[in-house]
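entry-v9.tsv (TSV, C-alpha atoms)
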chain	number	residue	atom	x	y	z
Z	1383	MET	CA	9.20	0.54	-14.27
Z	1384	VAL	CA	5.52	1.01	-13.50
Z	1385	ASP	CA	4.22	4.54	-13.99
Z	1386	THR	CA	3.78	5.79	-10.45
Z	1387	ALA	CA	2.16	9.14	-11.20
Z	1388	MET	CA	-0.86	9.42	-8.92
Z	1389	THR	CA	-3.54	12.02	-9.43
Z	1390	GLN	CA	-6.51	12.81	-7.28
Z	1391	PRO	CA	-9.02	12.04	-10.08
Z	1392	SER	CA	-7.50	8.55	-10.38
Z	1393	ILE	CA	-7.76	7.98	-6.63
Z	1394	GLN	CA	-11.34	9.24	-6.75
Z	1395	GLU	CA	-12.07	6.84	-9.59
Z	1396	ILE	CA	-10.85	3.90	-7.51
Z	1397	ILE	CA	-12.89	4.99	-4.50
Z	1398	GLN	CA	-16.02	5.52	-6.60
Z	1399	SER	CA	-15.71	2.03	-8.07
Z	1400	LEU	CA	-15.31	0.39	-4.66
Z	1401	GLY	CA	-17.41	2.70	-2.50
Z	1402	SER	CA	-16.45	5.49	-0.14
Z	1403	LYS	CA	-17.47	3.71	3.08
Z	1404	ALA	CA	-14.72	3.42	5.67
Z	1405	ASP	CA	-15.22	-0.37	5.58
Z	1406	ASN	CA	-13.72	-0.37	2.08
Z	1407	LEU	CA	-10.41	1.19	3.13
Z	1408	LEU	CA	-8.33	-1.96	2.73
Z	1409	GLN	CA	-9.82	-2.74	-0.68
Z	1410	VAL	CA	-9.08	0.81	-1.83
Z	1411	LEU	CA	-5.48	0.59	-0.62
Z	1412	CYS	CA	-4.98	-2.77	-2.34
Z	1413	GLU	CA	-6.29	-1.37	-5.62
Z	1414	VAL	CA	-4.02	1.69	-5.37
Z	1415	GLN	CA	-1.06	-0.61	-4.65
Z	1416	HIS	CA	-1.97	-2.81	-7.62
Z	1417	ARG	CA	-2.45	0.10	-10.01
Z	1418	TYR	CA	0.53	2.27	-9.05
Z	1419	ASN	CA	2.92	-0.25	-7.48
Z	1420	PHE	CA	3.04	1.72	-4.20
Z	1421	ILE	CA	0.97	4.09	-2.03
Z	1422	SER	CA	2.38	7.61	-1.94
Z	1423	ASP	CA	1.92	10.20	0.80
Z	1424	ALA	CA	-0.32	12.14	-1.59
Z	1425	ALA	CA	-2.47	9.05	-2.13
Z	1426	VAL	CA	-2.83	8.61	1.63
Z	1427	ASP	CA	-3.97	12.24	1.87
Z	1428	ASP	CA	-6.52	11.79	-0.93
Z	1429	ILE	CA	-7.88	8.52	0.46
Z	1430	ALA	CA	-8.25	9.94	3.97
Z	1431	ARG	CA	-10.12	12.94	2.60
Z	1432	GLU	CA	-12.40	11.01	0.24
Z	1433	ILE	CA	-13.30	8.29	2.78
Z	1434	HIS	CA	-13.54	10.77	5.68
Z	1435	LEU	CA	-11.01	9.04	7.91
Z	1436	PRO	CA	-8.13	10.47	9.96
Z	1437	ARG	CA	-4.92	10.38	7.97
Z	1438	ALA	CA	-3.20	8.51	10.80
Z	1439	ARG	CA	-5.67	5.65	10.46
Z	1440	VAL	CA	-5.04	5.28	6.73
Z	1441	GLU	CA	-1.29	5.48	7.27
Z	1442	GLY	CA	-1.55	2.90	10.05
Z	1443	VAL	CA	-3.28	0.38	7.79
Z	1444	VAL	CA	-0.66	0.88	5.07
Z	1445	HIS	CA	2.15	0.17	7.55
Z	1446	PHE	CA	0.36	-2.80	9.14
Z	1447	TYR	CA	0.03	-4.96	6.04
Z	1448	GLY	CA	3.22	-6.34	4.53
Z	1449	PHE	CA	1.87	-6.24	0.97
Z	1450	LEU	CA	1.22	-2.50	1.01
Z	1451	HIS	CA	4.24	-0.30	0.35
Z	1452	LYS	CA	5.15	3.38	0.68
Z	1453	ILE	CA	7.94	3.25	-1.91
Z	1454	PRO	CA	7.72	1.89	-5.50
Z	1455	ARG	CA	8.36	-1.81	-5.97
Z	1456	GLY	CA	10.43	-3.35	-8.73
Z	1457	GLN	CA	9.20	-5.01	-11.89
Z	1458	TYR	CA	10.05	-8.21	-10.02
Z	1459	ASP	CA	9.05	-7.86	-6.37
Z	1460	ILE	CA	10.62	-10.59	-4.23
Z	1461	LEU	CA	9.34	-11.05	-0.68
Z	1462	LEU	CA	11.30	-13.57	1.39
Z	1463	SER	CA	9.44	-15.46	4.10
Z	1464	ASP	CA	10.97	-14.33	7.40
Z	1465	ASN	CA	9.59	-17.09	9.62
Z	1466	ILE	CA	11.86	-18.65	12.24
Z	1467	ILE	CA	11.64	-21.99	10.39
Z	1468	ASP	CA	12.90	-20.34	7.19
Z	1469	HIS	CA	15.86	-19.02	9.18
Z	1470	LEU	CA	16.60	-22.53	10.45
Z	1471	GLN	CA	16.52	-23.70	6.83
Z	1472	GLY	CA	19.21	-21.21	5.79
Z	1473	LYS	CA	17.18	-18.14	4.92
Z	1474	GLU	CA	19.84	-15.62	6.03
Z	1475	ASP	CA	22.49	-17.14	3.77
Z	1476	ILE	CA	20.02	-17.30	0.89
Z	1477	THR	CA	19.10	-13.63	1.41
Z	1478	ARG	CA	22.73	-12.49	1.33
Z	1479	TYR	CA	23.39	-14.50	-1.81
Z	1480	LEU	CA	20.28	-13.17	-3.58
Z	1481	LEU	CA	21.11	-9.54	-2.75
Z	1482	GLU	CA	24.69	-10.01	-3.94
Z	1483	LYS	CA	23.66	-11.62	-7.23
Z	1484	LEU	CA	21.04	-8.97	-7.99
Z	1485	LYS	CA	23.22	-6.09	-6.74
Z	1486	VAL	CA	20.34	-4.66	-4.72
Z	1487	GLU	CA	19.82	-3.56	-1.11
Z	1488	LEU	CA	17.16	-5.13	1.08
Z	1489	GLY	CA	13.99	-3.04	1.07
Z	1490	LYS	CA	15.19	-0.63	-1.63
Z	1491	PRO	CA	14.34	-0.77	-5.35
Z	1492	ARG	CA	17.31	-1.21	-7.66
Z	1493	THR	CA	18.19	1.98	-9.52
Z	1494	ASP	CA	16.88	0.60	-12.83
Z	1495	GLY	CA	13.55	-0.34	-11.20
Z	1496	ARG	CA	13.96	-3.95	-12.27
Z	1497	VAL	CA	13.75	-5.63	-8.87
Z	1498	THR	CA	13.10	-5.22	-5.16
Z	1499	VAL	CA	13.92	-7.71	-2.41
Z	1500	ASP	CA	12.35	-7.53	1.02
Z	1501	ASN	CA	11.16	-9.65	3.92
Z	1502	THR	CA	7.60	-10.59	4.75
Z	1503	SER	CA	6.00	-12.57	7.56
Z	1504	CYS	CA	5.29	-16.30	7.28
Z	1505	ILE	CA	3.65	-17.30	3.99
Z	1506	GLY	CA	2.64	-20.78	5.17
Z	1507	MET	CA	5.51	-22.63	3.48
Z	1508	SER	CA	7.55	-23.63	6.51
Z	1509	ASP	CA	7.48	-27.27	5.39
Z	1510	GLN	CA	9.27	-26.43	2.12
Z	1511	GLY	CA	11.40	-23.40	2.82
Z	1512	PRO	CA	13.25	-21.21	2.46
Z	1513	ALA	CA	10.38	-19.78	0.44
Z	1514	ALA	CA	9.45	-16.48	-1.16
Z	1515	LEU	CA	6.82	-14.66	-3.16
Z	1516	VAL	CA	7.70	-13.19	-6.55
Z	1517	ASN	CA	4.98	-10.77	-7.67
Z	1518	GLY	CA	2.64	-12.70	-5.40
Z	1519	TYR	CA	3.55	-16.18	-6.71
Z	1520	THR	CA	5.05	-18.70	-4.31
Z	1521	ILE	CA	8.51	-20.12	-4.91
Z	1522	THR	CA	9.64	-22.94	-2.62
Z	1523	HIS	CA	12.90	-24.71	-1.76
Z	1524	LEU	CA	15.14	-21.73	-2.41
Z	1525	SER	CA	18.76	-22.71	-2.98
Z	1526	LYS	CA	21.77	-20.99	-4.52
Z	1527	THR	CA	21.27	-23.03	-7.68
Z	1528	ARG	CA	17.64	-21.95	-7.93
Z	1529	ILE	CA	18.57	-18.33	-7.18
Z	1530	ASP	CA	21.17	-18.36	-9.98
Z	1531	LYS	CA	18.42	-19.35	-12.40
Z	1532	MET	CA	16.00	-16.77	-10.97
Z	1533	VAL	CA	18.58	-14.00	-11.38
Z	1534	ASP	CA	19.14	-14.96	-15.03
Z	1535	LEU	CA	15.38	-14.86	-15.65
Z	1536	ILE	CA	15.03	-11.48	-13.94
Z	1537	GLU	CA	17.95	-9.89	-15.77
Z	1538	SER	CA	16.55	-11.11	-19.10
Z	1539	GLN	CA	13.09	-9.78	-18.07
Z	1540	THR	CA	11.50	-13.18	-18.64
Z	1541	PRO	CA	7.77	-13.10	-17.77
Z	1542	LEU	CA	6.85	-15.19	-14.72
Z	1543	ALA	CA	4.57	-17.27	-16.95
Z	1544	ASP	CA	7.70	-18.53	-18.71
Z	1545	TRP	CA	9.63	-19.43	-15.56
Z	1546	PRO	CA	10.08	-23.18	-14.82
Z	1547	ARG	CA	6.85	-24.55	-13.37
Z	1548	LYS	CA	8.75	-26.58	-10.78
Z	1549	PHE	CA	9.77	-23.30	-9.10
Z	1550	PHE	CA	6.14	-22.72	-8.15
Z	1551	GLN	CA	5.31	-26.28	-7.13
Z	1552	VAL	CA	3.70	-26.47	-3.68
Z	1553	GLU	CA	3.19	-29.84	-2.00
Z	1554	ASN	CA	0.74	-30.49	0.83
Z	1555	ASN	CA	3.26	-32.82	2.54
Z	1556	ILE	CA	0.60	-34.75	4.46
Z	1557	ARG	CA	2.27	-37.84	5.92
Z	1558	ARG	CA	-0.59	-39.28	8.00
Z	1559	LYS	CA	-4.17	-38.15	7.45
Z	1560	GLN	CA	-5.76	-39.76	10.52
Z	1561	LEU	CA	-9.49	-39.42	11.21
Z	1562	LEU	CA	-10.39	-35.96	9.92
Z	1563	LEU	CA	-8.75	-36.25	6.49
Z	1564	LYS	CA	-8.48	-39.97	5.75
Z	1565	ASP	CA	-11.88	-40.49	4.08
Z	1566	GLU	CA	-13.08	-39.04	0.80
Z	1567	PHE	CA	-15.57	-36.27	1.51
Z	1568	GLU	CA	-18.80	-35.99	-0.47
Z	1569	PRO	CA	-19.60	-32.27	-0.80
Z	1570	GLY	CA	-22.91	-31.49	0.88
Z	1571	SER	CA	-23.00	-34.64	3.00
Z	1572	ALA	CA	-22.48	-32.81	6.29
Z	1573	LEU	CA	-25.25	-30.34	5.46
Z	1574	LYS	CA	-27.61	-33.17	4.54
Z	1575	ALA	CA	-26.88	-34.96	7.81
Z	1576	VAL	CA	-27.63	-31.89	9.91
Z	1577	PHE	CA	-30.76	-30.77	8.05
Z	1578	SER	CA	-32.20	-34.29	8.31
Z	1579	LYS	CA	-32.24	-34.09	12.12
Z	1580	LYS	CA	-35.72	-34.29	13.63
Z	1581	GLY	CA	-37.10	-32.53	16.68
Z	1582	MET	CA	-34.72	-29.60	16.70
Z	1583	LYS	CA	-36.09	-26.07	17.08
Z	1584	ARG	CA	-33.13	-24.66	15.19
Z	1585	VAL	CA	-30.61	-26.18	12.84
Z	1586	SER	CA	-27.92	-24.64	15.02
Z	1587	ASP	CA	-29.19	-26.72	17.96
Z	1588	ALA	CA	-28.42	-29.92	16.04
Z	1589	ILE	CA	-24.98	-28.69	15.06
Z	1590	ILE	CA	-24.01	-27.55	18.55
Z	1591	THR	CA	-25.31	-30.81	20.05
Z	1592	GLU	CA	-23.11	-32.83	17.68
Z	1593	LEU	CA	-20.12	-30.61	18.42
Z	1594	SER	CA	-20.62	-31.08	22.15
Z	1595	LEU	CA	-20.77	-34.86	21.77
Z	1596	SER	CA	-17.63	-34.86	19.61
Z	1597	GLY	CA	-15.55	-32.98	22.17
Z	1598	LEU	CA	-13.99	-31.01	19.32
Z	1599	ARG	CA	-11.73	-28.15	20.36
Z	1600	GLY	CA	-10.09	-25.30	18.50
Z	1601	CYS	CA	-6.56	-25.74	17.16
Z	1602	GLY	CA	-5.26	-22.61	18.87
Z	1603	GLY	CA	-3.18	-22.64	22.02
Z	1604	ALA	CA	-6.20	-22.25	24.32
Z	1605	GLY	CA	-7.99	-25.32	22.94
Z	1606	PHE	CA	-11.36	-23.60	23.41
Z	1607	LYS	CA	-14.36	-25.95	23.08
Z	1608	THR	CA	-15.88	-25.48	19.64
Z	1609	ASP	CA	-19.49	-26.00	20.73
Z	1610	SER	CA	-19.16	-23.32	23.42
Z	1611	LYS	CA	-17.62	-20.84	20.98
Z	1612	TRP	CA	-20.31	-21.41	18.34
Z	1613	LYS	CA	-23.14	-21.22	20.89
Z	1614	ILE	CA	-21.87	-17.93	22.30
Z	1615	CYS	CA	-21.77	-16.47	18.79
Z	1616	ALA	CA	-25.18	-17.86	17.82
Z	1617	ASP	CA	-26.81	-16.50	20.98
Z	1618	THR	CA	-25.29	-13.02	20.65
Z	1619	PRO	CA	-28.15	-10.57	19.93
Z	1620	SER	CA	-27.65	-9.07	16.47
Z	1621	ASP	CA	-29.46	-8.66	13.17
Z	1622	GLU	CA	-26.44	-10.03	11.33
Z	1623	HIS	CA	-23.73	-12.55	12.12
Z	1624	TYR	CA	-20.62	-13.24	10.04
Z	1625	VAL	CA	-18.43	-16.32	9.62
Z	1626	ILE	CA	-14.83	-15.49	8.69
Z	1627	CYS	CA	-12.16	-17.91	7.54
Z	1628	ASN	CA	-9.10	-16.62	9.39
Z	1629	ALA	CA	-6.42	-18.35	7.33
Z	1630	ASP	CA	-3.55	-16.91	9.32
Z	1631	GLU	CA	-0.17	-18.58	9.63
Z	1632	GLY	CA	0.78	-16.48	12.63
Z	1633	GLU	CA	2.21	-19.33	14.69
Z	1634	PRO	CA	5.86	-20.02	13.80
Z	1635	GLY	CA	6.23	-23.06	11.61
Z	1636	THR	CA	2.54	-23.73	10.98
Z	1637	PHE	CA	1.22	-24.45	7.53
Z	1638	LYS	CA	-2.04	-26.29	8.28
Z	1639	ASP	CA	-4.29	-23.46	7.07
Z	1640	ARG	CA	-2.54	-23.37	3.71
Z	1641	VAL	CA	-2.82	-27.15	3.31
Z	1642	LEU	CA	-6.53	-27.17	4.16
Z	1643	LEU	CA	-7.35	-24.39	1.70
Z	1644	GLN	CA	-5.11	-25.88	-0.97
Z	1645	SER	CA	-6.30	-29.49	-0.75
Z	1646	TYR	CA	-9.56	-29.48	1.21
Z	1647	PRO	CA	-11.51	-26.33	0.30
Z	1648	ASP	CA	-14.84	-28.20	0.26
Z	1649	LEU	CA	-14.35	-29.16	3.91
Z	1650	VAL	CA	-13.56	-25.55	4.83
Z	1651	PHE	CA	-16.54	-24.05	2.99
Z	1652	GLU	CA	-18.97	-26.67	4.24
Z	1653	GLY	CA	-17.76	-26.18	7.79
Z	1654	MET	CA	-18.28	-22.43	7.45
Z	1655	THR	CA	-21.78	-23.07	6.08
Z	1656	LEU	CA	-22.61	-25.30	9.04
Z	1657	CYS	CA	-21.35	-22.62	11.38
Z	1658	ALA	CA	-23.55	-20.02	9.67
Z	1659	ALA	CA	-26.62	-22.27	9.88
Target format structure tokens, applied to this file:
Amino acid sequence: MVDTAMTQPSIQEIIQSLGSKADNLLQVLCEVQHRYNFISDAAVDDIAREIHLPRARVEGVVHFYGFLHKIPRGQYDILLSDNIIDHLQGKEDITRYLLEKLKVELGKPRTDGRVTVDNTSCIGMSDQGPAALVNGYTITHLSKTRIDKMVDLIESQTPLADWPRKFFQVENNIRRKQLLLKDEFEPGSALKAVFSKKGMKRVSDAIITELSLSGLRGCGGAGFKTDSKWKICADTPSDEHYVICNADEGEPGTFKDRVLLQSYPDLVFEGMTLCAA
């Protein structure tokens, strides 16, 4: 069991290393979670005081994120993906079987501190579920046979590094690439094409012009025109602008963000660079 004794000097040490600005709250909470295996009420008090934030705000952030916990986690922390697609793939039956085999209650650490089992929101594995995270590592295609093996490994305290590699295998499952993904991408080629444009007052003008001609739209439900969105952001008066990769699998059953970051990171980063230009 991880030593969960938290002292104010230790919390202060974490905050000093990361910075006491309110903007660093999430990073501080993640480090406390990593170091102590949970975030106690006393830690919330100390963090609120040291960062000069209302306690309710710190508590709210802890409760919002599924990977931050108010009670200690087990040596093996299993988080089952609770997406509707996982349920359709037999997640409820798998959960009951896992709890029975480990002799543990959902959301509560086992008395020996060996294991915890809980639910979490979609982890982007709907195409190969039921799926779970074990100490942050993805395990796909959960079955009773696979769970039997996992339980044996947990009870023998086998390090995750020695678990069968096939447990952690994640496929991209692309069946038809179509236009956007079918050709090999040369890193930097999109940037070269844009910066070679002549007669443009701003690089962003060239990019937005190309986007407008392409008719590209966002992949969200609204289908917002990409050129309009980028132009609004570019024209917003500010000394600083930020481009954020929102890799969120919030829509039930989606896994496109995970596939793009897993198999096409160069496309993602170059697209973000073009947006920032």
Open item on the list: Using only C-alpha atoms, can you tell me which of Z:Pro1546, Z:Gly1442, Z:Pro1436, Z:Gly1456 comes closest to Z:Tyr1418?
Closed with: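 Using only C-alpha atoms, Z:Tyr1418 sits closest to Z:Gly1456.
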- [ ] One decimal, Å: what's the distance from atom CA of Z:Lys1559 over to atom CA of Z:Tyr1646, could you say?
- [x]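 If I compute the distance from atom CA of Z:Lys1559 to atom CA of Z:Tyr1646, I get 12.0 Å.
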Task: Point-to-point distance from atom CA of Z:Ile1460 to atom CA of Z:Thr1636, Å rounded to tenths - done: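 That distance, rounded to one decimal, is 21.7 Å.
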Which residues are near Z:Leu1595? Cut-off 12 Å, all atoms listed in the file, ignore same chain within fewer than 5 positions. Put them as a PDB file with C-alpha atoms, in the coordinates of the input.
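After the write, result.pdb holds the following:
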ATOM      1  CA  ALA Z1588     -28.420 -29.920  16.040  1.00  0.00           C
ATOM      2  CA  ILE Z1589     -24.980 -28.690  15.060  1.00  0.00           C
ATOM      3  CA  ILE Z1590     -24.010 -27.550  18.550  1.00  0.00           C
ATOM      4  CA  LYS Z1607     -14.360 -25.950  23.080  1.00  0.00           C
ATOM      5  CA  THR Z1608     -15.880 -25.480  19.640  1.00  0.00           C
ATOM      6  CA  ASP Z1609     -19.490 -26.000  20.730  1.00  0.00           C
ATOM      7  CA  SER Z1610     -19.160 -23.320  23.420  1.00  0.00           C
TER       8      SER Z1610
END
Task: Among the residues Z:Thr1522, Z:Ser1594, Z:Ser1508, Z:Ser1399, the one that comes closest to Z:Trp1612 [using only C-alpha atoms] - done: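 The closest residue to Z:Trp1612 is Z:Ser1594.
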